[in-house]
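Trainee: Let me begin by handing over the structure; questions about it come next.
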Number of protein chains: 2
Amino acid sequence: MQDSLTIGELAARSGVAPSALRYYERLGLIQAERTSINQRRFARHQLRRVSFIRIAQQVGLSLDEIAGALASLPQGRTPTKKDWARLSARWQSRIDEQIALLERLRSRLTGCIGCGCLSLRRCRIVNPTDTLADEGPGPRQLLHE
Amino acid sequence: MQDSLTIGELAARSGVAPSALRYYERLGLIQAERTSINQRRFARHQLRRVSFIRIAQQVGLSLDEIAGALASLPQGRTPTKKDWARLSARWQSRIDEQIALLERLRSRLTGCIGCGCLSLRRCRIVNPTDTLADEGPGPRQLLHE
DNA sequence: CTGCGAGTTGAAGTTCACTTCAACACAAGG
DNA sequence: CCTTGTGTTGAAGTGAACTTCAACTCGCAG
């Protein structure tokens, strides 16, 4: 088991295309050493970074935001449990929010799409007095609690 | 209360820019009649479609997929409760999946980022016998149950 | 020696979801 | 009559996240 991976190996293990990995490196999301003939060699812990990136994208973060999160990890050494734990804290609340949004959406769908009032604003069940139209545009009840 | 909205009114009520609404119309996601001087007039139930579109995007659907879903709604008449209910069924399971993904992610974060093994594949807690590396690339445990 | 596979680069192309722009039309108010 | 506001169009621009391409370099197998 080598302690560094070629770009092809990292691609195979992470399920991310080599071109995407080069792109991530350009953005500073992952780092690589170079061999004498200028090929990238990725330390194994970079695999964790790649996993982190893909999962973060699933949760709806941009590469820019992800870069911000990853910036708090140490550059030279393999991140410790503590490093990841610190990251996962900010992480945690983001996921909680996202889950809350979806659950709100789900409950509204049962109660509200059923009655045909997806606009929510004029729905007599959800908004009997029709006050929301003044508060601003968009499906606010759903998106912001 | 008029029974049709100008593009500006629809934009104000939905929180979506007029340019985006024109774009949606071009893609066939919403429909408009035209006045004698060629201005768009949107039936009020189009507002529901716009809400649906924005919420669908939050759940991670592309406009293409959303178009597919909306295609099952009737063209000429205002959709009935039944129409929306049919739509919300497919909808429901999509949201459930997404929530499940996030919850899986959350529990892994507590149990696994904490120990520094986001790659999951070589984590002794989650994968004691290290069998996953052969099954394919990517954070599979997380993404596909 | 001759491929072949895997790597390198910079530049350009692609898709998605819009936005911006220029040029125009019309209706109402001062 | 002129301005302002709101609408119209097609074409082009934008930003994010990549992918594709052409031209190149290595190391290795036959």
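Chain lettering (A, B, ...) mirrors the order of the structure tokens, residue numbering begins at 1 for each chain separately, and ligand numbering begins at 1 in order of display.
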Write out as JSON lines the residues of chain A that have any atom within 12 Å of an atom of chain D, one row each with the nearest atom pair and its distance in Å to one decimal, counting only C-alpha atoms (C1' of nucleotides), sorted by chain and then rising number.
Mentor:
```
{"residue": "A:Val16", "atom": "CA", "partner": "D:DC18", "partner_atom": "C1'", "distance": 11.0}
{"residue": "A:Ala17", "atom": "CA", "partner": "D:DC18", "partner_atom": "C1'", "distance": 9.5}
{"residue": "A:Pro18", "atom": "CA", "partner": "D:DT19", "partner_atom": "C1'", "distance": 10.2}
{"residue": "A:Ser19", "atom": "CA", "partner": "D:DT19", "partner_atom": "C1'", "distance": 7.2}
{"residue": "A:Ala20", "atom": "CA", "partner": "D:DC18", "partner_atom": "C1'", "distance": 6.3}
{"residue": "A:Leu21", "atom": "CA", "partner": "D:DC18", "partner_atom": "C1'", "distance": 10.0}
{"residue": "A:Arg22", "atom": "CA", "partner": "D:DC18", "partner_atom": "C1'", "distance": 10.3}
{"residue": "A:Tyr23", "atom": "CA", "partner": "D:DC18", "partner_atom": "C1'", "distance": 7.8}
{"residue": "A:Tyr24", "atom": "CA", "partner": "D:DA17", "partner_atom": "C1'", "distance": 9.9}
{"residue": "A:Leu27", "atom": "CA", "partner": "D:DA17", "partner_atom": "C1'", "distance": 11.3}
{"residue": "A:Thr35", "atom": "CA", "partner": "D:DC26", "partner_atom": "C1'", "distance": 11.7}
{"residue": "A:Ser36", "atom": "CA", "partner": "D:DC26", "partner_atom": "C1'", "distance": 10.7}
{"residue": "A:Ile37", "atom": "CA", "partner": "D:DC26", "partner_atom": "C1'", "distance": 7.5}
{"residue": "A:Asn38", "atom": "CA", "partner": "D:DT25", "partner_atom": "C1'", "distance": 9.6}
{"residue": "A:Gln39", "atom": "CA", "partner": "D:DC26", "partner_atom": "C1'", "distance": 9.9}
{"residue": "A:Gln57", "atom": "CA", "partner": "D:DA17", "partner_atom": "C1'", "distance": 10.9}
{"residue": "A:Leu61", "atom": "CA", "partner": "D:DA16", "partner_atom": "C1'", "distance": 11.6}
{"residue": "A:Ser62", "atom": "CA", "partner": "D:DA16", "partner_atom": "C1'", "distance": 8.2}
{"residue": "A:Leu63", "atom": "CA", "partner": "D:DA17", "partner_atom": "C1'", "distance": 8.5}
{"residue": "A:Asp64", "atom": "CA", "partner": "D:DA16", "partner_atom": "C1'", "distance": 9.6}
```
Trainee: Under the rule of at most 12 Å, produce a per-residue listing of chain C near chain A: chain, number, name, the closest pair of atoms, and the distance in Å, as JSON lines, using only C-alpha atoms (C1' of nucleotides).
Mentor:
```
{"residue": "C:DG5", "atom": "C1'", "partner": "A:Gly8", "partner_atom": "CA", "distance": 11.5}
{"residue": "C:DA6", "atom": "C1'", "partner": "A:Gly8", "partner_atom": "CA", "distance": 8.0}
{"residue": "C:DG7", "atom": "C1'", "partner": "A:Gln39", "partner_atom": "CA", "distance": 6.2}
{"residue": "C:DT8", "atom": "C1'", "partner": "A:Gln39", "partner_atom": "CA", "distance": 7.1}
{"residue": "C:DT9", "atom": "C1'", "partner": "A:Asn38", "partner_atom": "CA", "distance": 11.1}
```
Trainee: For CA of Glu97 (chain B) and CA of Glu97 (chain A), quote the distance in Å rounded to one decimal.
Mentor: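 Computing it gives 16.3 Å between the two atoms.
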Trainee: Pick from A:Gly60, A:Gly15, A:Pro74, A:Pro79: nearest to chain B, with only C-alpha atoms counted?
Mentor: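 Closest to chain B of all the choices is A:Gly15.
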